[in-house]
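So the structure is just underneath, and the comments pick up after that.
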Amino acid sequence: MAIDTRKGEQHSPEFLAINPNGKTPALLDDDVPVFDSTAILLYLAEKIGQFMPTGTPRARAEMYSWMMFVASGVGPYCGQAVHFRLFAPEPKEYALNRYDFEAWRHWELIEARLATQRYMLDEYSVVDMAVWGWARMIPRVLGSDEAWARLPNVKRLLDEINARPAAQRAEALKARFTFQDAVDDEARRHLFPSNLRLG
Ligand SMILES: N[C@@H](CCC(=O)N[C@@H](CS)C(=O)NCC(=O)O)C(=O)O
């Protein structure tokens, strides 16, 4: 189902039954609920037996390490960089500087890796998909399209995955729905409940 987070649909009982954390994405695969983007990728890859190295412990360790790097590093730092850049009230210089710095630092690690190899692992995998999810957001996260000049290999991977049929199907699916654009007072109440404590 399509969830418009700016309208607060992530807090509906139906959605919370799938993801008690009230955040997108979440999946109901037949009757199996899965939530959190990294868990969804690992679950689906394991289910279909593709896009995951199955060989040596070293290869699996590499995959898990980079998946968690995206889940616990790229995701949270990029998310907070967007929040402080676009939505937080002043004063925010300290927080914006910290999250922008950390977002850049994470992307530069990915850039360095992709400068020496085509994909994040030896072959195309769930790690590239996880990176793609956030790479699409780079201009918003890092403040402008100029970020691509410093991340040419991330852009290369982004363009390659964008051209894959599955990525195009995902875009086409998204285009079937209209999501609220404005982050108005009501959307802020849904998205940033911590603000209520500020009075
Ligand atoms: N760790 C989660 C983060 C999910 C997340 O923050 N989702 C955002 C949209 S991209 C959301 O649902 N925000 C609505 C809210 O926080 O109420 C994941 O990777 O799936």
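Chain labels A, B, ... are given in the sequence in which chains occur in the structure tokens; within each chain residues are numbered consecutively from 1, and ligands are likewise numbered from 1 in the order shown.
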
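Taking only C-alpha atoms and all ligand atoms into account, the residues that come within 7 Å of ligand 1 are Thr5, Gly8, Gln10, Gly22, Lys23, Thr24, Pro25, Phe35, Asp36, Ser37, Thr38, Ala71, Gly75, His190, Leu191 and Phe192 of chain A.
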
Taking N, CA and C atoms for each residue, export the selection above as a CSV table (one decimal), in the first residue's frame.
chain,number,residue,atom,x,y,z
A,5,THR,N,3.6,9.8,4.2
A,5,THR,CA,4.0,10.1,5.6
A,5,THR,C,3.7,11.5,6.0
A,8,GLY,N,0.6,11.5,7.6
A,8,GLY,CA,0.5,10.8,8.9
A,8,GLY,C,0.0,9.3,8.7
A,10,GLN,N,1.6,6.7,8.2
A,10,GLN,CA,2.5,5.8,8.8
A,10,GLN,C,2.0,5.4,10.3
A,22,GLY,N,6.4,2.6,12.7
A,22,GLY,CA,5.7,3.6,12.0
A,22,GLY,C,6.6,4.4,11.0
A,23,LYS,N,7.4,3.7,10.3
A,23,LYS,CA,8.2,4.3,9.2
A,23,LYS,C,8.2,3.5,8.0
A,24,THR,N,8.3,4.2,6.8
A,24,THR,CA,8.4,3.5,5.5
A,24,THR,C,9.8,3.3,5.2
A,25,PRO,N,10.2,2.2,4.5
A,25,PRO,CA,9.3,1.2,3.9
A,25,PRO,C,9.0,0.0,4.8
A,35,PHE,N,10.0,-5.1,8.1
A,35,PHE,CA,10.1,-3.6,8.1
A,35,PHE,C,11.6,-3.2,8.2
A,36,ASP,N,11.9,-2.0,7.8
A,36,ASP,CA,13.3,-1.4,7.7
A,36,ASP,C,13.9,-1.9,6.4
A,37,SER,N,14.4,-0.9,5.7
A,37,SER,CA,14.9,-1.1,4.3
A,37,SER,C,16.0,-2.2,4.2
A,38,THR,N,16.9,-2.2,5.2
A,38,THR,CA,18.0,-3.2,5.1
A,38,THR,C,17.4,-4.6,5.3
A,71,ALA,N,22.9,1.0,6.8
A,71,ALA,CA,21.8,1.1,7.7
A,71,ALA,C,22.1,2.0,8.9
A,75,GLY,N,22.3,6.0,6.3
A,75,GLY,CA,20.9,6.4,6.5
A,75,GLY,C,20.7,7.4,7.6
A,190,HIS,N,3.1,15.2,12.1
A,190,HIS,CA,3.2,13.8,11.9
A,190,HIS,C,4.7,13.4,11.8
A,191,LEU,N,5.5,14.2,11.2
A,191,LEU,CA,6.9,13.8,10.9
A,191,LEU,C,7.8,14.0,12.1
A,192,PHE,N,7.6,15.1,12.8
A,192,PHE,CA,8.5,15.5,13.9
A,192,PHE,C,7.8,15.6,15.2

Fill in: Test item, alpha helix (DSSP H) assignment across chain A, answer as a ChimeraX atom specification
/A:13-18,37-48,57-69,75-82,93-116,126-135,138-142,147-150,152-162,165-175,185-191

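If you measure from each of A:Thr178, A:Asn195, A:Thr54, A:Gln168 to Ala2 in chain A using only C-alpha atoms, the closest one turns out to be A:Thr178.
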
Fill in: Residues flagged strand (DSSP E or B) by DSSP in range 8-175 of chain A, as a list in words
Ala26, Leu27, Leu28, Asp29, Val32, Pro33, Val34 and Phe35 of chain A

With N, CA and C atoms kept, could you save the residues just selected as a PDB file, in the first residue's frame?
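Written output follows (again-v2.pdb):
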ATOM      1  N   ALA A  26       7.921  -0.644   4.501  1.00  0.00           N
ATOM      2  CA  ALA A  26       7.608  -1.905   5.172  1.00  0.00           C
ATOM      3  C   ALA A  26       6.891  -2.771   4.151  1.00  0.00           C
ATOM      4  N   LEU A  27       6.887  -4.055   4.403  1.00  0.00           N
ATOM      5  CA  LEU A  27       6.401  -4.988   3.384  1.00  0.00           C
ATOM      6  C   LEU A  27       5.555  -6.057   4.047  1.00  0.00           C
ATOM      7  N   LEU A  28       4.468  -6.417   3.369  1.00  0.00           N
ATOM      8  CA  LEU A  28       3.713  -7.603   3.762  1.00  0.00           C
ATOM      9  C   LEU A  28       3.868  -8.587   2.615  1.00  0.00           C
ATOM     10  N   ASP A  29       4.700  -9.590   2.818  1.00  0.00           N
ATOM     11  CA  ASP A  29       4.998 -10.562   1.768  1.00  0.00           C
ATOM     12  C   ASP A  29       4.144 -11.789   2.041  1.00  0.00           C
ATOM     13  N   VAL A  32       3.784 -12.404   5.695  1.00  0.00           N
ATOM     14  CA  VAL A  32       5.025 -12.159   6.463  1.00  0.00           C
ATOM     15  C   VAL A  32       5.321 -10.655   6.495  1.00  0.00           C
ATOM     16  N   PRO A  33       5.245 -10.017   7.669  1.00  0.00           N
ATOM     17  CA  PRO A  33       5.618  -8.600   7.739  1.00  0.00           C
ATOM     18  C   PRO A  33       7.128  -8.420   7.846  1.00  0.00           C
ATOM     19  N   VAL A  34       7.658  -7.475   7.109  1.00  0.00           N
ATOM     20  CA  VAL A  34       9.089  -7.132   7.186  1.00  0.00           C
ATOM     21  C   VAL A  34       9.175  -5.617   7.176  1.00  0.00           C
ATOM     22  N   PHE A  35       9.969  -5.057   8.079  1.00  0.00           N
ATOM     23  CA  PHE A  35      10.146  -3.604   8.059  1.00  0.00           C
ATOM     24  C   PHE A  35      11.610  -3.237   8.195  1.00  0.00           C
TER      25      PHE A  35
END

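Reported to one decimal place, the separation of CA of Pro20 in chain A from CA of Gly199 in chain A is 26.2 Å.
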
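When only C-alpha atoms are used to compute distances to Leu42 in chain A, the closest of the residues A:Met67, A:Ala167, A:Gly55, A:Glu186 turns out to be A:Met67.
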
Shell around Tyr119 in chain A at 8 Å using only C-alpha atoms, local window under 4 positions removed, as an mmCIF file with N, CA and C atoms, in the first residue's frame:
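This is the output file out.cif:
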data_model
loop_
_atom_site.group_PDB
_atom_site.id
_atom_site.type_symbol
_atom_site.label_atom_id
_atom_site.label_comp_id
_atom_site.auth_asym_id
_atom_site.auth_seq_id
_atom_site.Cartn_x
_atom_site.Cartn_y
_atom_site.Cartn_z
ATOM 1 N N LEU A 114 34.110 2.619 -4.783
ATOM 2 C CA LEU A 114 33.624 2.495 -6.161
ATOM 3 C C LEU A 114 34.627 3.038 -7.184
ATOM 4 N N GLU A 123 30.324 -8.586 -7.052
ATOM 5 C CA GLU A 123 29.253 -8.584 -8.059
ATOM 6 C C GLU A 123 28.115 -7.704 -7.572
ATOM 7 N N TYR A 124 27.212 -7.386 -8.491
ATOM 8 C CA TYR A 124 26.037 -6.583 -8.135
ATOM 9 C C TYR A 124 25.253 -7.285 -7.022
ATOM 10 N N SER A 125 24.882 -6.527 -5.977
ATOM 11 C CA SER A 125 24.305 -7.164 -4.796
ATOM 12 C C SER A 125 23.348 -6.222 -4.073
ATOM 13 N N ASP A 128 24.626 -2.708 -3.281
ATOM 14 C CA ASP A 128 24.437 -1.661 -4.298
ATOM 15 C C ASP A 128 23.010 -1.119 -4.244
ATOM 16 N N LEU A 157 27.333 4.546 -10.445
ATOM 17 C CA LEU A 157 26.534 3.411 -9.966
ATOM 18 C C LEU A 157 25.045 3.765 -9.973
#

Discussion item. With only C-alpha atoms as the counted atoms, please give the residues lying no more than 12 Å from Pro76 in chain A, apart from itself and same-chain residues fewer than 4 positions off, as a PyMOL selection string.
Written reply: chain A and resi 68-72+80-83+99-100+102-103+106+134+141

Resulting file, chosen residues, N, CA and C atoms, as a PDB file, in the first residue's frame:
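Once written, out28.pdb looks like this:
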ATOM      1  N   MET A  68      25.316  -2.950   6.981  1.00  0.00           N
ATOM      2  CA  MET A  68      25.126  -2.244   8.256  1.00  0.00           C
ATOM      3  C   MET A  68      25.717  -0.837   8.206  1.00  0.00           C
ATOM      4  N   PHE A  69      26.758  -0.661   7.420  1.00  0.00           N
ATOM      5  CA  PHE A  69      27.324   0.674   7.210  1.00  0.00           C
ATOM      6  C   PHE A  69      26.251   1.601   6.611  1.00  0.00           C
ATOM      7  N   VAL A  70      25.507   1.079   5.649  1.00  0.00           N
ATOM      8  CA  VAL A  70      24.428   1.901   5.064  1.00  0.00           C
ATOM      9  C   VAL A  70      23.319   2.098   6.098  1.00  0.00           C
ATOM     10  N   ALA A  71      22.932   0.999   6.774  1.00  0.00           N
ATOM     11  CA  ALA A  71      21.791   1.081   7.693  1.00  0.00           C
ATOM     12  C   ALA A  71      22.062   1.982   8.883  1.00  0.00           C
ATOM     13  N   SER A  72      23.255   1.862   9.456  1.00  0.00           N
ATOM     14  CA  SER A  72      23.498   2.583  10.712  1.00  0.00           C
ATOM     15  C   SER A  72      24.333   3.841  10.503  1.00  0.00           C
ATOM     16  N   GLN A  80      19.483  12.918   9.027  1.00  0.00           N
ATOM     17  CA  GLN A  80      19.612  14.083   9.914  1.00  0.00           C
ATOM     18  C   GLN A  80      20.176  15.291   9.162  1.00  0.00           C
ATOM     19  N   ALA A  81      21.033  15.050   8.159  1.00  0.00           N
ATOM     20  CA  ALA A  81      21.541  16.181   7.359  1.00  0.00           C
ATOM     21  C   ALA A  81      20.375  16.879   6.660  1.00  0.00           C
ATOM     22  N   VAL A  82      19.445  16.096   6.093  1.00  0.00           N
ATOM     23  CA  VAL A  82      18.262  16.695   5.450  1.00  0.00           C
ATOM     24  C   VAL A  82      17.433  17.437   6.496  1.00  0.00           C
ATOM     25  N   HIS A  83      17.243  16.790   7.634  1.00  0.00           N
ATOM     26  CA  HIS A  83      16.404  17.419   8.658  1.00  0.00           C
ATOM     27  C   HIS A  83      16.959  18.778   9.072  1.00  0.00           C
ATOM     28  N   TYR A  99      26.159  16.807  10.896  1.00  0.00           N
ATOM     29  CA  TYR A  99      25.517  15.797  10.048  1.00  0.00           C
ATOM     30  C   TYR A  99      25.954  15.936   8.589  1.00  0.00           C
ATOM     31  N   ASP A 100      26.145  17.151   8.125  1.00  0.00           N
ATOM     32  CA  ASP A 100      26.651  17.334   6.764  1.00  0.00           C
ATOM     33  C   ASP A 100      28.046  16.717   6.641  1.00  0.00           C
ATOM     34  N   GLU A 102      29.369  14.308   8.485  1.00  0.00           N
ATOM     35  CA  GLU A 102      29.306  12.844   8.573  1.00  0.00           C
ATOM     36  C   GLU A 102      28.673  12.235   7.325  1.00  0.00           C
ATOM     37  N   ALA A 103      27.681  12.908   6.746  1.00  0.00           N
ATOM     38  CA  ALA A 103      27.086  12.403   5.498  1.00  0.00           C
ATOM     39  C   ALA A 103      28.162  12.371   4.412  1.00  0.00           C
ATOM     40  N   HIS A 106      30.709   9.543   4.971  1.00  0.00           N
ATOM     41  CA  HIS A 106      30.207   8.237   4.546  1.00  0.00           C
ATOM     42  C   HIS A 106      30.208   8.115   3.023  1.00  0.00           C
ATOM     43  N   TRP A 134      19.828   5.563  -1.142  1.00  0.00           N
ATOM     44  CA  TRP A 134      20.241   6.856  -0.608  1.00  0.00           C
ATOM     45  C   TRP A 134      20.921   7.724  -1.650  1.00  0.00           C
ATOM     46  N   VAL A 141      20.336  15.652   0.157  1.00  0.00           N
ATOM     47  CA  VAL A 141      21.077  15.410   1.405  1.00  0.00           C
ATOM     48  C   VAL A 141      22.249  16.371   1.537  1.00  0.00           C
TER      49      VAL A 141
END

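Of note, CA of Ser12 in chain A and CA of Pro193 in chain A are spaced 15.0 Å apart.
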
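You will find CA of Gln50 in chain A at 13.5 Å from CA of Leu121 in chain A.
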
Worksheet, complete the sentence: If you count only C-alpha atoms, the residue of A:Val126, A:Thr116, A:Lys7, A:Met1 closest to Leu173 in chain A turns out to be A:Met1

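Nearest residue to Met63 in chain A among A:Ala163, A:Ala147, A:Leu41, A:Val183 is A:Leu41, counting only C-alpha atoms.
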